[in-house]
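Novice: Below are the structure tokens for one structure; questions will follow.
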Amino acid sequence: APVVDQNIEDPASRVLSQVFGHVSFRGPQQTVIEHVIAGFDALVLMPTGGGKSLCYQVPALVLDGVAVVVSPLIALMHQQVEHLLRLGVPAASLDSSQSGQDNFQTEQALLRGDVKILYVSPERLSGQRLPGLLDRVQLSLFAIDEAHCVSQWGHDFRPEYMTLSMLGRRWPDVPRLALTASATEATAQEIIARLGLPEARVFRTSFDRPNLDYRIVAKDDVRRQLVRFIQEINHTGHDPASGIVYCASRARTEQIASWLRDSGLTALAYHAGLDNADRQTRQRQFISQPGCVMVATIAFGMGIDKPDVRFVAHVDVPRSMEGYFQETGRAGRDGQAAVAWMCWGLDDVARASRPSDQQQSQQRLLVQQQAYEEMLAFCASSTCRRQTLLAHFGEAIAPCGHCDNCLAGSPDMDVTIAAQKLLSAVYRLWRERGQRFGASHLIDILRGRKTRRVEEFDHRTLSVFGIGCDWSVRQWRRLLLQLVAERFLVMDDEGYRTLALTDASVPVLKSQRRIFMRAADLGG
Ligand code: ADP
Ligand code: ZN
């Protein structure tokens, strides 16, 4: 360590420079650290990459005794322990992936006072053995990482986190620090309530990621669009860019990774169905090989420390704004320009009516559905992406000026008449024939195409047949997507994805409400 450090009076600053090699604290780190060292509870809300770890690692090294860190992911724990050991900090973890022998040795070291930072899974703390051991040692603090896992309405709910409220009852004198990168005001309140932290001081930093650019496009031909996007990113830099492509299913990660490889890119698939060794190898390759694209389910990302990820692409719409924020937040952690790109379409809208997991309470399903609908509205919206995203986290900002929507300007084209044609077609089919159809057939009717199905159902005799021949299929699909996302139409996901009117469509049909889109989005 540099000699000058000897002169630093403040023990926290000394640890920061001598152990971690950093010059100064970032954001609220110093205040949080002083607060915890003084023995108080805290809740820290900081975006991914904001520097949450130091908030408990520094006090752990300043205070006497052992700090216990609760973490939901074993891989993440191991990574942190390895990192700390490299820095010369006596750290260890107790988890189910280790042998009984390893865990036994860690327990012995703990009892000897040879561990300063102990990472544990929440299951361990709700068992009998670990709490008994902790009663026998001096504790400096509890850190509860990824604290939003306690939120029943959140996207990462872990039932074991619910038992962590016992920490305050069993060890009332040990300060507790909850940390998360995923907190709306409601989640923050839920963490405080469920972990029993009513006295905790809340530290919040801005969730804005100024170096991230948000872009959302309507799905047309995903494969071509994705490849073109990545090539465009590669053209702007000197080297091929590293990036992550998120998909909704395992099968899709494999399919898309192979598309990308066929286009000459280096791409790997990653999902929870791969065995451990495979996952490790691919993760390492992604981190070390420049220009590698990881095509993954959300199983990938937590705890991946790769600062130079140049883009995060979503080819399926994530389930919530929190998920989107967290996943896109993995781009540009080095502070250099990075892009969050997403492609959305009717298949994403159709998924809105399909529950992700049948094993859930009605209330939880409803919350999930609302969260997903908010995501779709975000896709369909033409206001500043950053503004909408931050508003979700309770932050008000002016339009950013450089997201796709800011650059494209306001919707300039009145498409009310086209919308009326489309809605009328749905209405006529239902009123006159008692039929419901999906997007493709509706568009065939509007464009006056004499397809087999049109003949079969005698749809040439409908008054709406051919009234939309001035628009291309692509234009109609884009308008339809907008109308469904804004709930002027609903799409049924049972089988045929048929379309039906909603109450909101009535004022449009009666010309009491006008619909605007951007000419550029509708294309020629
Ligand atoms: P989080 O847990 O909030 O996602 P981390 O604690 O992993 O973030 O920190 C993100 C990165 O920022 C790490 O590489 C870390 O070393 C670095 N970092 C954190 N605090 C500081 C600081 N005060 N000065 C310099 N680098 C820091
Ligand atoms: Zn903007």
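Letters for chains follow the order of the structure tokens (A, B, ...), residue numbers begin at 1 for each chain, and ligand numbers begin at 1 in the order shown.
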Skip A:Asp316 itself and residues of its chain fewer than 6 positions away, then list as a PyMOL selection string all residues within 8 Å of it, counting only C-alpha atoms.
Specialist: chain A and resi 246-248+342-344+348
Novice: Neighbours of ligand 1 at 7 Å or closer, counting only C-alpha atoms and all ligand atoms: which residues, as a VMD selection string?
Specialist: chain A and resid 22 to 26 46 to 54 181
Novice: For the selection just defined, write its residues with C-alpha atoms to a file, as a PDB file, in the first residue's frame.
Specialist:
```
ATOM      1  CA  HIS A  22      -9.645   2.849  -4.001  1.00  0.00           C
ATOM      2  CA  VAL A  23      -9.011   6.548  -3.629  1.00  0.00           C
ATOM      3  CA  SER A  24     -12.389   7.809  -2.494  1.00  0.00           C
ATOM      4  CA  PHE A  25     -15.863   6.664  -1.592  1.00  0.00           C
ATOM      5  CA  ARG A  26     -18.609   6.762  -4.154  1.00  0.00           C
ATOM      6  CA  MET A  46     -28.327   1.475  -5.348  1.00  0.00           C
ATOM      7  CA  PRO A  47     -28.352   0.349  -8.953  1.00  0.00           C
ATOM      8  CA  THR A  48     -26.252  -2.614  -9.989  1.00  0.00           C
ATOM      9  CA  GLY A  49     -22.629  -1.551 -10.157  1.00  0.00           C
ATOM     10  CA  GLY A  50     -23.229   1.291  -7.728  1.00  0.00           C
ATOM     11  CA  GLY A  51     -20.847  -0.172  -5.168  1.00  0.00           C
ATOM     12  CA  LYS A  52     -23.041  -1.844  -2.590  1.00  0.00           C
ATOM     13  CA  SER A  53     -20.490  -4.455  -1.518  1.00  0.00           C
ATOM     14  CA  LEU A  54     -18.135  -1.927   0.049  1.00  0.00           C
ATOM     15  CA  ALA A 181     -30.543  -2.841  -6.758  1.00  0.00           C
TER      16      ALA A 181
END
```
Novice: When DSSP is applied to the backbone of this structure, which of stretch 340-434 of chain A are assigned alpha helix (DSSP H)? Write them out as number ranges by chain.
Specialist: A: 346-350, 362-380, 385-392, 404-408, 416-433
Novice: Rounded to one decimal in Å, what is the spacing between atom CA of A:Leu87 and atom CA of A:Thr106?
Specialist: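 Distance reported for this atom pair: 18.6 Å.
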Novice: Hey, which residues come within 10 Å of ligand 2 if we count only C-alpha atoms and all ligand atoms? Could you give them as a tab-separated table (two decimals) with N, CA and C atoms, in the first residue's frame?
Specialist:
```
chain	number	residue	atom	x	y	z
A	213	ASP	N	-28.01	3.98	-23.52
A	213	ASP	CA	-29.02	4.48	-24.44
A	213	ASP	C	-30.09	3.43	-24.62
A	214	TYR	N	-31.34	3.85	-24.50
A	214	TYR	CA	-32.44	2.90	-24.62
A	214	TYR	C	-33.05	2.97	-26.01
A	215	ARG	N	-33.24	1.79	-26.61
A	215	ARG	CA	-33.88	1.73	-27.93
A	215	ARG	C	-34.82	0.55	-27.97
A	382	SER	N	-44.46	6.60	-26.51
A	382	SER	CA	-43.56	7.42	-27.32
A	382	SER	C	-42.93	8.54	-26.51
A	383	THR	N	-43.00	8.43	-25.18
A	383	THR	CA	-42.31	9.43	-24.36
A	383	THR	C	-40.92	8.91	-23.97
A	384	CYS	N	-40.11	9.81	-23.45
A	384	CYS	CA	-38.72	9.50	-23.11
A	384	CYS	C	-38.62	8.21	-22.30
A	385	ARG	N	-37.83	7.27	-22.77
A	385	ARG	CA	-37.68	5.97	-22.09
A	385	ARG	C	-37.09	6.13	-20.70
A	386	ARG	N	-36.05	6.96	-20.62
A	386	ARG	CA	-35.36	7.14	-19.35
A	386	ARG	C	-36.32	7.74	-18.32
A	387	GLN	N	-37.10	8.71	-18.79
A	387	GLN	CA	-38.04	9.37	-17.90
A	387	GLN	C	-39.06	8.36	-17.35
A	388	THR	N	-39.58	7.51	-18.22
A	388	THR	CA	-40.57	6.52	-17.80
A	388	THR	C	-39.95	5.51	-16.83
A	389	LEU	N	-38.76	5.07	-17.18
A	389	LEU	CA	-38.08	4.06	-16.37
A	389	LEU	C	-37.79	4.61	-14.96
A	397	ILE	N	-37.32	13.13	-13.84
A	397	ILE	CA	-36.28	13.81	-14.64
A	397	ILE	C	-36.91	14.42	-15.90
A	398	ALA	N	-36.20	15.33	-16.52
A	398	ALA	CA	-36.64	15.89	-17.80
A	398	ALA	C	-36.32	14.86	-18.89
A	399	PRO	N	-36.98	14.95	-20.05
A	399	PRO	CA	-36.63	14.04	-21.14
A	399	PRO	C	-35.13	14.06	-21.42
A	400	CYS	N	-34.55	12.87	-21.67
A	400	CYS	CA	-33.09	12.77	-21.69
A	400	CYS	C	-32.47	13.31	-22.97
A	401	GLY	N	-33.24	13.34	-24.05
A	401	GLY	CA	-32.71	13.89	-25.29
A	401	GLY	C	-31.96	12.90	-26.14
A	402	HIS	N	-31.66	11.70	-25.64
A	402	HIS	CA	-30.92	10.77	-26.51
A	402	HIS	C	-31.39	9.34	-26.51
A	403	CYS	N	-32.58	9.07	-25.97
A	403	CYS	CA	-33.13	7.71	-26.16
A	403	CYS	C	-33.83	7.70	-27.52
A	404	ASP	N	-34.32	6.55	-27.95
A	404	ASP	CA	-34.96	6.48	-29.27
A	404	ASP	C	-36.15	7.43	-29.38
A	405	ASN	N	-36.95	7.48	-28.33
A	405	ASN	CA	-38.14	8.33	-28.38
A	405	ASN	C	-37.80	9.82	-28.40
A	406	CYS	N	-36.82	10.21	-27.60
A	406	CYS	CA	-36.42	11.62	-27.62
A	406	CYS	C	-35.90	12.00	-29.01
A	407	LEU	N	-35.15	11.09	-29.62
A	407	LEU	CA	-34.58	11.39	-30.93
A	407	LEU	C	-35.64	11.40	-32.04
A	408	ALA	N	-36.67	10.59	-31.86
A	408	ALA	CA	-37.67	10.47	-32.93
A	408	ALA	C	-38.74	11.55	-32.87
A	409	GLY	N	-38.87	12.23	-31.75
A	409	GLY	CA	-39.89	13.28	-31.64
A	409	GLY	C	-41.28	12.71	-31.42
```
Novice: Which polymer residues have any atom within 6 Å of an atom of A:Arg518, counting only C-alpha atoms, with same-chain residues fewer than 3 positions away left out, as a VMD selection string?
Specialist: chain A and resid 411 to 413 521
Novice: Any chance you could export the current selection's N, CA and C atoms as an mmCIF file, in the first residue's frame?
Specialist:
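Output file again.cif is given in full below:
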```cif
data_model
loop_
_atom_site.group_PDB
_atom_site.id
_atom_site.type_symbol
_atom_site.label_atom_id
_atom_site.label_comp_id
_atom_site.auth_asym_id
_atom_site.auth_seq_id
_atom_site.Cartn_x
_atom_site.Cartn_y
_atom_site.Cartn_z
ATOM 1 N N PRO A 411 -45.297 11.654 -31.902
ATOM 2 C CA PRO A 411 -46.064 11.018 -32.980
ATOM 3 C C PRO A 411 -46.701 12.103 -33.840
ATOM 4 N N ASP A 412 -46.497 12.010 -35.145
ATOM 5 C CA ASP A 412 -46.868 13.108 -36.028
ATOM 6 C C ASP A 412 -47.946 12.720 -37.022
ATOM 7 N N MET A 413 -48.404 11.483 -36.948
ATOM 8 C CA MET A 413 -49.325 11.043 -37.988
ATOM 9 C C MET A 413 -50.637 10.612 -37.356
ATOM 10 N N ASP A 521 -42.261 5.141 -37.696
ATOM 11 C CA ASP A 521 -42.491 3.804 -37.140
ATOM 12 C C ASP A 521 -43.339 2.952 -38.073
#
```
Novice: Using only C-alpha atoms, which protein or nucleic acid residues come within 10 Å of A:Arg158? Drop anything in the same chain fewer than 5 positions from it, and give the result as a ChimeraX atom specification.
Specialist: /A:72,122,147-152
Novice: Could you pull the residues within 9 Å of A:Thr163, counting only C-alpha atoms, minus those fewer than 5 positions along the same chain, as a list in words?
Specialist: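 Counting only the stated atoms, we get Pro122, Glu123, Leu125, Ser126, Arg194 and Leu195 of chain A.
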Novice: Would you export the selected residues with N, CA and C atoms as a PDB file, in the first residue's frame, please?
Specialist:
```pdb
ATOM      1  N   PRO A 122     -29.496 -18.067   2.799  1.00  0.00           N
ATOM      2  CA  PRO A 122     -30.568 -17.831   3.775  1.00  0.00           C
ATOM      3  C   PRO A 122     -31.036 -19.122   4.451  1.00  0.00           C
ATOM      4  N   GLU A 123     -30.953 -20.247   3.730  1.00  0.00           N
ATOM      5  CA  GLU A 123     -31.359 -21.535   4.324  1.00  0.00           C
ATOM      6  C   GLU A 123     -30.548 -21.852   5.570  1.00  0.00           C
ATOM      7  N   LEU A 125     -29.266 -19.892   7.704  1.00  0.00           N
ATOM      8  CA  LEU A 125     -29.655 -19.105   8.872  1.00  0.00           C
ATOM      9  C   LEU A 125     -30.976 -19.575   9.455  1.00  0.00           C
ATOM     10  N   SER A 126     -31.806 -20.192   8.628  1.00  0.00           N
ATOM     11  CA  SER A 126     -33.079 -20.661   9.190  1.00  0.00           C
ATOM     12  C   SER A 126     -32.942 -22.065   9.768  1.00  0.00           C
ATOM     13  N   ARG A 194     -40.865  -6.606   6.184  1.00  0.00           N
ATOM     14  CA  ARG A 194     -40.645  -8.051   6.284  1.00  0.00           C
ATOM     15  C   ARG A 194     -39.347  -8.433   6.966  1.00  0.00           C
ATOM     16  N   LEU A 195     -38.338  -7.572   6.871  1.00  0.00           N
ATOM     17  CA  LEU A 195     -37.091  -7.891   7.571  1.00  0.00           C
ATOM     18  C   LEU A 195     -37.113  -7.325   8.987  1.00  0.00           C
TER      19      LEU A 195
END
```
Novice: Please identify all polymer residues within 10 Å of A:Ser288, counting only C-alpha atoms, omitting same-chain residues fewer than 5 positions from it, and present them as a list in words.
Specialist: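 The residues satisfying every condition are Arg282, Gln283 and Lys306 of chain A.
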Novice: May I have the residues within 6 Å of A:Val120 as a PDB file with N, CA and C atoms, in the first residue's frame, using only C-alpha atoms and disregarding those fewer than 6 positions away in the same chain?
Specialist:
```
ATOM      1  N   VAL A  70     -25.738 -12.407   4.007  1.00  0.00           N
ATOM      2  CA  VAL A  70     -26.704 -13.344   3.437  1.00  0.00           C
ATOM      3  C   VAL A  70     -26.819 -13.068   1.947  1.00  0.00           C
ATOM      4  N   SER A  93     -17.315 -18.988   3.049  1.00  0.00           N
ATOM      5  CA  SER A  93     -18.752 -19.143   2.868  1.00  0.00           C
ATOM      6  C   SER A  93     -19.208 -20.500   3.372  1.00  0.00           C
ATOM      7  N   LEU A  94     -20.439 -20.541   3.819  1.00  0.00           N
ATOM      8  CA  LEU A  94     -21.057 -21.796   4.239  1.00  0.00           C
ATOM      9  C   LEU A  94     -22.257 -22.010   3.334  1.00  0.00           C
TER      10      LEU A  94
END
```
Novice: One number please: atom CA of A:Ser440 to atom CA of A:Ser463, in Å, one decimal.
Specialist: 18.1 Å
Novice: Pick the closest to A:Phe229 from A:Leu110, A:Ala277, A:Val339, A:Val19: which is it, counting only C-alpha atoms?
Specialist: A:Val339
Novice: Smallest atom-to-atom distance to A:Asp239: which of A:Pro290, A:Arg433, A:Ala193, A:Ser206, using only C-alpha atoms?
Specialist: A:Pro290
Novice: Which is closest to A:Glu395 among A:His35, A:His83, A:Arg204, A:Arg176, if we use only C-alpha atoms?
Specialist: A:Arg204
Novice: So, with only C-alpha atoms as the atoms that count, which of A:Tyr270, A:Ala109, A:Val217, A:Lys116 lies closest to A:Leu85?
Specialist: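 Counting only C-alpha atoms, the residue closest to A:Leu85 is A:Lys116.
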Novice: In Å, rounded to a single decimal, give me how far atom CA of A:Ala352 is from atom CA of A:Leu366.
Specialist: 10.9 Å
